[in-house]
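*Asks:* So I've got this file, coords.txt, and it contains compact mmCIF, C-alpha atoms and all ligand atoms:
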```txt
# COMPACT_ATOMS: atom_id res chain seq x y z
CA MET A 1 12.16 -5.45 -17.69
CA ASN A 2 9.22 -4.15 -19.63
CA LYS A 3 10.29 -0.89 -21.33
CA LYS A 4 7.93 1.58 -23.01
CA VAL A 5 8.52 4.99 -24.55
CA GLU A 6 5.68 7.45 -25.03
CA ILE A 7 6.10 10.72 -26.89
CA LEU A 8 3.49 13.30 -25.90
CA PRO A 9 2.77 16.47 -27.91
CA ASP A 10 3.90 18.93 -25.22
CA LEU A 11 4.68 19.39 -21.54
CA SER A 12 1.05 19.68 -20.47
CA ALA A 13 0.15 16.41 -22.25
CA LEU A 14 3.19 14.79 -20.62
CA VAL A 15 2.07 15.98 -17.19
CA ALA A 16 -1.51 14.76 -17.75
CA ARG A 17 -0.25 11.32 -18.86
CA ALA A 18 2.12 11.06 -15.88
CA ARG A 19 -0.68 12.02 -13.46
CA ASP A 20 -3.05 9.43 -14.96
CA LEU A 21 -0.40 6.71 -14.81
CA ILE A 22 0.50 7.51 -11.21
CA LEU A 23 -3.14 7.62 -10.12
CA SER A 24 -3.81 4.25 -11.72
CA LYS A 25 -0.73 2.67 -10.08
CA LEU A 26 -1.77 4.23 -6.80
CA ALA A 27 -5.24 2.68 -7.01
CA THR A 28 -3.78 -0.77 -7.78
CA ALA A 29 -1.17 -0.56 -5.01
CA ILE A 30 -3.72 0.49 -2.40
CA GLN A 31 -6.11 -2.22 -3.47
CA GLU A 32 -3.40 -4.92 -3.43
CA ARG A 33 -1.15 -3.82 -0.58
CA GLY A 34 -3.06 -1.14 1.34
CA GLN A 35 -0.58 1.65 0.62
CA PHE A 36 1.25 3.44 -2.19
CA THR A 37 4.94 4.32 -2.04
CA ILE A 38 6.49 6.83 -4.45
CA ALA A 39 9.91 8.45 -4.72
CA LEU A 40 9.97 11.95 -6.15
CA SER A 41 12.57 13.62 -8.32
CA GLY A 42 13.76 17.19 -8.30
CA GLY A 43 14.40 19.35 -11.33
CA SER A 44 11.87 21.61 -13.02
CA THR A 45 9.83 19.14 -15.13
CA PRO A 46 7.83 17.42 -12.34
CA LYS A 47 6.57 20.61 -10.64
CA PRO A 48 3.35 20.87 -12.69
CA LEU A 49 2.83 17.13 -12.12
CA TYR A 50 2.99 17.64 -8.34
CA GLU A 51 0.48 20.48 -8.68
CA ALA A 52 -1.83 18.25 -10.71
CA ILE A 53 -1.61 15.45 -8.12
CA ALA A 54 -2.34 17.95 -5.34
CA SER A 55 -5.62 18.89 -7.00
CA SER A 56 -6.77 15.24 -7.09
CA ASN A 57 -8.95 13.77 -4.38
CA LEU A 58 -6.84 10.91 -2.98
CA PRO A 59 -6.62 8.73 0.15
CA TRP A 60 -3.67 10.76 1.44
CA ASP A 61 -3.22 8.66 4.59
CA LYS A 62 -2.31 5.65 2.41
CA ILE A 63 0.32 7.50 0.36
CA HIS A 64 3.98 7.50 1.44
CA VAL A 65 6.31 9.95 -0.25
CA PHE A 66 10.10 9.53 -0.48
CA TRP A 67 12.76 11.32 -2.53
CA GLY A 68 15.12 9.68 -5.02
CA ASP A 69 17.68 12.38 -4.42
CA GLU A 70 18.28 15.57 -2.52
CA ARG A 71 20.66 18.47 -2.72
CA TYR A 72 22.72 18.80 0.48
CA VAL A 73 20.94 21.92 1.73
CA PRO A 74 18.49 22.57 4.59
CA PRO A 75 14.83 21.77 3.81
CA ASP A 76 13.91 25.47 3.58
CA HIS A 77 16.65 26.24 1.01
CA PRO A 78 15.45 27.31 -2.47
CA ASP A 79 17.44 24.41 -4.04
CA SER A 80 15.79 21.76 -1.84
CA ASN A 81 13.84 19.10 -3.75
CA GLU A 82 11.76 18.59 -0.60
CA LEU A 83 10.78 22.27 -0.52
CA MET A 84 9.70 22.20 -4.17
CA ALA A 85 7.49 19.15 -3.61
CA ARG A 86 6.04 20.55 -0.38
CA ARG A 87 5.08 23.83 -2.06
CA ALA A 88 3.70 22.23 -5.23
CA TRP A 89 1.94 19.28 -3.60
CA LEU A 90 2.40 18.17 0.00
CA ASP A 91 1.57 21.46 1.79
CA ARG A 92 -1.66 21.67 -0.21
CA VAL A 93 -3.18 18.35 0.87
CA ALA A 94 -4.07 16.55 4.10
CA ILE A 95 -1.20 14.04 3.99
CA PRO A 96 -0.06 12.98 7.48
CA ALA A 97 3.40 14.34 8.38
CA ALA A 98 4.51 10.78 9.17
CA ASN A 99 3.90 9.81 5.51
CA ILE A 100 6.44 12.36 4.25
CA HIS A 101 9.85 10.66 4.30
CA ALA A 102 12.25 13.48 3.48
CA ILE A 103 15.98 12.94 3.10
CA PRO A 104 17.89 14.25 6.14
CA THR A 105 20.48 16.91 5.29
CA LEU A 106 21.32 18.58 8.57
CA SER A 107 24.08 16.54 10.24
CA ALA A 108 26.90 18.37 8.37
CA ASN A 109 28.09 14.93 7.20
CA PRO A 110 26.40 13.65 4.00
CA ALA A 111 27.53 10.04 4.63
CA VAL A 112 25.85 10.10 8.06
CA ASP A 113 22.62 11.43 6.54
CA ALA A 114 22.75 8.85 3.72
CA ALA A 115 23.11 6.05 6.31
CA LYS A 116 20.24 7.53 8.36
CA TYR A 117 17.91 7.56 5.32
CA GLU A 118 18.94 4.01 4.43
CA GLN A 119 18.07 2.86 7.94
CA HIS A 120 14.74 4.68 7.79
CA LEU A 121 13.90 2.90 4.51
CA GLN A 122 14.92 -0.50 5.90
CA GLU A 123 12.68 0.04 8.91
CA PHE A 124 9.76 1.29 6.84
CA PHE A 125 9.92 -1.68 4.44
CA HIS A 126 11.01 -4.22 7.09
CA ALA A 127 13.95 -4.98 4.80
CA ALA A 128 17.06 -6.75 6.06
CA PRO A 129 20.41 -5.12 5.20
CA GLY A 130 21.43 -6.20 1.69
CA ASN A 131 17.81 -6.43 0.50
CA PHE A 132 16.38 -3.93 -1.97
CA PRO A 133 12.70 -3.34 -1.20
CA PRO A 134 10.47 -2.29 -4.13
CA LEU A 135 8.86 1.14 -4.21
CA ASP A 136 5.64 1.23 -6.22
CA VAL A 137 6.86 4.16 -8.34
CA VAL A 138 10.23 5.86 -8.67
CA LEU A 139 9.88 9.09 -10.59
CA LEU A 140 13.05 10.24 -12.33
CA GLY A 141 14.27 13.10 -14.45
CA MET A 142 17.30 13.10 -16.68
CA GLY A 143 19.84 15.89 -16.99
CA ASP A 144 21.41 17.02 -20.28
CA ASP A 145 24.47 14.96 -19.28
CA ALA A 146 22.29 11.82 -18.87
CA HIS A 147 22.50 11.85 -15.07
CA THR A 148 19.48 10.70 -13.15
CA ALA A 149 18.64 11.13 -9.46
CA SER A 150 22.10 12.32 -8.25
CA LEU A 151 23.96 9.63 -10.19
CA PHE A 152 26.33 11.82 -12.20
CA PRO A 153 28.68 10.64 -14.97
CA HIS A 154 31.95 9.09 -13.78
CA THR A 155 31.24 9.50 -10.06
CA GLU A 156 31.76 7.06 -7.20
CA ALA A 157 28.01 6.72 -6.59
CA LEU A 158 27.78 4.67 -9.80
CA ASN A 159 29.90 1.93 -8.20
CA VAL A 160 27.69 1.54 -5.13
CA ARG A 161 25.69 -1.68 -5.46
CA ASP A 162 25.41 -2.87 -1.86
CA ARG A 163 23.39 -0.01 -0.38
CA LEU A 164 20.06 1.73 -0.93
CA ILE A 165 21.40 5.25 -0.45
CA THR A 166 24.74 6.88 -1.10
CA VAL A 167 26.42 10.25 -1.49
CA GLY A 168 26.40 11.70 -4.99
CA ASN A 169 28.73 14.36 -6.32
CA LYS A 170 27.59 17.28 -8.46
CA ASP A 171 30.66 19.31 -9.45
CA GLY A 172 32.25 18.71 -6.05
CA ASN A 173 29.05 19.34 -4.06
CA PRO A 174 27.57 16.39 -2.15
CA ARG A 175 24.04 15.17 -2.73
CA ILE A 176 22.15 12.24 -1.25
CA THR A 177 20.81 9.73 -3.76
CA PHE A 178 19.18 6.36 -4.26
CA THR A 179 21.68 3.89 -5.70
CA TYR A 180 20.85 2.41 -9.08
CA PRO A 181 20.17 -1.12 -7.73
CA PHE A 182 17.61 0.37 -5.33
CA ILE A 183 15.94 2.29 -8.18
CA ASN A 184 15.97 -0.94 -10.20
CA ALA A 185 14.07 -2.82 -7.48
CA ALA A 186 10.99 -0.62 -8.10
CA ARG A 187 7.73 -1.94 -9.51
CA SER A 188 7.63 1.03 -11.91
CA VAL A 189 10.23 3.59 -12.87
CA ILE A 190 8.86 6.61 -14.72
CA PHE A 191 11.24 9.05 -16.41
CA LEU A 192 9.93 12.48 -17.37
CA ALA A 193 12.05 14.35 -19.90
CA ALA A 194 11.05 17.48 -21.78
CA GLY A 195 12.83 19.88 -24.11
CA ALA A 196 15.17 19.70 -27.11
CA ASN A 197 18.22 19.99 -24.81
CA LYS A 198 17.61 16.35 -23.74
CA ARG A 199 17.98 14.93 -27.28
CA PRO A 200 21.74 14.21 -27.40
CA ALA A 201 21.68 12.45 -24.01
CA LEU A 202 18.57 10.46 -24.93
CA ALA A 203 20.24 9.27 -28.15
CA GLN A 204 23.09 7.82 -26.05
CA VAL A 205 20.81 6.38 -23.37
CA PHE A 206 18.74 4.58 -26.04
CA ALA A 207 21.72 3.49 -28.16
CA PRO A 208 22.31 -0.30 -28.21
CA THR A 209 25.84 0.26 -26.93
CA ALA A 210 27.32 3.21 -25.03
CA ASP A 211 29.20 3.62 -21.77
CA ASP A 212 26.94 3.36 -18.72
CA PHE A 213 29.38 5.42 -16.63
CA THR A 214 29.27 8.27 -19.14
CA TYR A 215 25.47 8.08 -19.49
CA PRO A 216 24.21 6.93 -16.06
CA SER A 217 20.52 6.78 -17.03
CA ARG A 218 21.50 3.61 -18.95
CA LEU A 219 21.94 1.87 -15.58
CA ILE A 220 18.20 2.07 -14.93
CA LYS A 221 16.82 -1.36 -15.81
CA PRO A 222 14.12 -2.05 -13.25
CA GLN A 223 12.78 -5.47 -12.34
CA GLY A 224 9.30 -4.07 -12.95
CA GLU A 225 8.42 -1.69 -15.75
CA LEU A 226 10.37 1.22 -17.21
CA LEU A 227 8.40 4.05 -18.77
CA TRP A 228 9.91 6.99 -20.58
CA LEU A 229 7.49 9.91 -20.99
CA LEU A 230 8.93 12.46 -23.40
CA ASP A 231 7.57 15.58 -25.02
CA GLU A 232 7.90 16.01 -28.82
CA ALA A 233 10.93 18.25 -28.43
CA ALA A 234 12.87 15.65 -26.43
CA GLY A 235 11.61 12.62 -28.34
CA LEU A 236 11.91 13.92 -31.91
CA GLU A 237 14.73 11.60 -32.96
CA LEU A 238 13.23 8.58 -31.20
CA LYS A 239 9.95 8.60 -33.10
CA PRO A 240 9.35 5.32 -34.90
C1 LIG B 1 17.70 16.91 -9.18
C2 LIG B 1 17.16 15.76 -9.92
C3 LIG B 1 17.71 15.55 -11.29
C4 LIG B 1 16.71 16.08 -12.29
C5 LIG B 1 17.29 16.24 -13.66
C6 LIG B 1 16.28 16.80 -14.66
O1 LIG B 1 17.55 16.97 -8.00
O2 LIG B 1 18.31 17.78 -9.84
O3 LIG B 1 16.46 14.80 -9.30
O4 LIG B 1 18.10 14.27 -11.57
O5 LIG B 1 15.60 15.23 -12.32
O6 LIG B 1 18.39 17.09 -13.59
O7 LIG B 1 15.92 18.10 -14.33
P1 LIG B 1 14.86 18.95 -15.18
O8 LIG B 1 13.51 18.39 -14.89
O9 LIG B 1 15.00 20.34 -14.62
O10 LIG B 1 15.24 18.84 -16.61
```
If you convert what's in this file into structure tokens, what do you get?
Ligand code: 6PG
*Replies:*
Amino acid sequence: MNKKVEILPDLSALVARARDLILSKLATAIQERGQFTIALSGGSTPKPLYEAIASSNLPWDKIHVFWGDERYVPPDHPDSNELMARRAWLDRVAIPAANIHAIPTLSANPAVDAAKYEQHLQEFFHAAPGNFPPLDVVLLGMGDDAHTASLFPHTEALNVRDRLITVGNKDGNPRITFTYPFINAARSVIFLAAGANKRPALAQVFAPTADDFTYPSRLIKPQGELLWLLDEAAGLELKP
């Protein structure tokens, strides 16, 4: 794993850096493999990034968008990660509907929807069961409790190592989430974290020893590169 931490002056610098990085990885992926695959995160931090990507002139038909996690609500619900990304990015550009790989949430059984999304991913990547195909970029946020995607502290989802997708648990409410081994198969994992409220969790995630089940973002150790993009407020105590 190649890990890098960058501390940007503020949220708008962080967004500009994330956009530039993603656009450069997109160009390389399309040149080398003919397409670019990215998994999006929810939360509030990436919204201006999605807006910035939407205003770029890109080969939309070669871009495939997935989600690293989803709240278990219909796609038109205000809490839906899909809805946020559609409004900020996907509805504003000419991306083919078939390139938008949203997480299903309508069967009334989260385990059934998790299995459906897993099957969809296996088919898309021509991956045999048990294989973890690499996305070009997995974008992640981190909560104040050090959760990432919907991998919450001390939940069952942290024990799932034999699947791509599982059911997460946020205070008793189901969510659908990538498993950490699937995230770790990515070519690049990019965390975006902004705000002073992230400092205590970041200190634990970056500590040489701490409990991975208490601070789940510690489980993210991709085969490719790991990039942490922080604003000053989040990264204050990590400055060299
Ligand atoms: C979600 C997320 C989640 C999020 C973090 C950070 O659906 O809630 O994917 O993991 O990224 O909670 O959220 P903020 O960007 O709002 O700090």
*Asks:* Give me, as a tab-separated table (two decimals) with C-alpha atoms, keeping the file's coordinate frame, all polymer residues having an atom no more than 7 Å from Ala234 in chain A, counting all atoms listed in the file and skipping those fewer than 5 positions away in the same chain.
*Replies:*
```
chain	number	residue	atom	x	y	z
A	193	ALA	CA	12.05	14.35	-19.90
A	194	ALA	CA	11.05	17.48	-21.78
A	195	GLY	CA	12.83	19.88	-24.11
A	196	ALA	CA	15.17	19.70	-27.11
A	198	LYS	CA	17.61	16.35	-23.74
A	199	ARG	CA	17.98	14.93	-27.28
```
*Asks:* Find the residue from A:Val15, A:Asn159, A:Pro174, A:Gln223 that sits nearest to Asn109 in chain A; use only C-alpha atoms when measuring.
*Replies:*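 Going through A:Val15, A:Asn159, A:Pro174, A:Gln223 one by one, the smallest distance to Asn109 in chain A is for A:Pro174.
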*Asks:* What are the closest atom pairs, with distances in Å to one decimal, for each residue of chain A lying within 10 Å of ligand LIG 1 (chain B), using all atoms listed in the file, rows by chain and rising residue number, as CSV?
*Replies:*
```
residue,atom,partner,partner_atom,distance
A:Leu40,CA,B:LIG1,O3,7.8
A:Ser41,CA,B:LIG1,O3,4.2
A:Gly42,CA,B:LIG1,O3,3.7
A:Gly43,CA,B:LIG1,O9,3.5
A:Ser44,CA,B:LIG1,O9,3.7
A:Thr45,CA,B:LIG1,O8,3.8
A:Pro46,CA,B:LIG1,O8,6.3
A:Lys47,CA,B:LIG1,O8,8.4
A:Trp67,CA,B:LIG1,O3,8.5
A:Gly68,CA,B:LIG1,O3,6.8
A:Asp69,CA,B:LIG1,O3,5.6
A:Glu70,CA,B:LIG1,O1,5.7
A:Arg71,CA,B:LIG1,O1,6.3
A:Asp79,CA,B:LIG1,O1,8.4
A:Ser80,CA,B:LIG1,O1,8.0
A:Asn81,CA,B:LIG1,O1,6.0
A:Glu82,CA,B:LIG1,O1,9.5
A:Leu139,CA,B:LIG1,O5,8.6
A:Leu140,CA,B:LIG1,O5,5.6
A:Gly141,CA,B:LIG1,O5,3.3
A:Met142,CA,B:LIG1,C6,4.3
A:Gly143,CA,B:LIG1,O6,3.9
A:Asp144,CA,B:LIG1,O6,7.3
A:Asp145,CA,B:LIG1,O6,8.6
A:Ala146,CA,B:LIG1,O6,8.4
A:His147,CA,B:LIG1,O4,6.1
A:Thr148,CA,B:LIG1,O4,4.1
A:Ala149,CA,B:LIG1,O4,3.8
A:Ser150,CA,B:LIG1,O4,5.6
A:Leu151,CA,B:LIG1,O4,7.6
A:Phe152,CA,B:LIG1,O4,8.6
A:Lys170,CA,B:LIG1,O2,9.4
A:Arg175,CA,B:LIG1,O1,8.6
A:Ile176,CA,B:LIG1,O1,9.4
A:Thr177,CA,B:LIG1,O3,8.7
A:Phe191,CA,B:LIG1,O5,8.6
A:Leu192,CA,B:LIG1,O8,7.3
A:Ala193,CA,B:LIG1,O10,6.4
A:Ala194,CA,B:LIG1,O10,6.8
A:Gly195,CA,B:LIG1,O10,7.9
A:Asn197,CA,B:LIG1,O10,8.8
A:Lys198,CA,B:LIG1,O10,7.9
A:Ser217,CA,B:LIG1,O4,9.6
```
*Asks:* Between A:Arg163, A:Leu158, A:Lys25, A:Ile7, which has the minimum distance to Asp231 in chain A (counting all atoms listed in the file)?
*Replies:* A:Ile7
*Asks:* Using all atoms listed in the file, find the one residue out of A:Lys221, A:Ala97, A:Leu49, A:His120 that sits nearest to Ala85 in chain A.
*Replies:*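 Using all atoms listed in the file, Ala85 in chain A sits closest to A:Leu49.
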*Asks:* Hey, could you pull the box centre and edge lengths for range 124-131 of chain A, axis-aligned, 4 Å padding per side, all listed atoms, to one decimal in Å, as JSON?
*Replies:*
```
{"center_x": 15.6, "center_y": -2.7, "center_z": 3.8, "size_x": 19.7, "size_y": 16.0, "size_z": 14.6}
```
*Asks:* Please, what distance in Å, to one decimal, runs between CA of Ala111 in chain A and CA of Leu219 in chain A?
*Replies:* 22.5 Å
*Asks:* Select, from A:Val112, A:Ala207, A:Leu230, A:Val137, the residue with the minimum atom-to-atom distance to Thr28 in chain A, counting all atoms listed in the file.
*Replies:* A:Val137
*Asks:* To one decimal place in Å, what is the distance between CA of Asn184 in chain A and CA of Glu237 in chain A?
*Replies:*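 Straight-line distance from CA of Asn184 in chain A to CA of Glu237 in chain A works out to 26.0 Å.
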*Asks:* Using only C-alpha atoms, which of A:Val93, A:Ile100, A:Leu121, A:Ala52 sits nearest Ser12 in chain A?
*Replies:*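 With only C-alpha atoms as the atom set, the closest residue is A:Ala52.
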*Asks:* Pick out the closest residue to Pro153 in chain A from this set: A:Ile183, A:Ala39, A:Ala201, A:Met84. Count only C-alpha atoms.
*Replies:*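 Smallest distance to Pro153 in chain A is found for A:Ala201.
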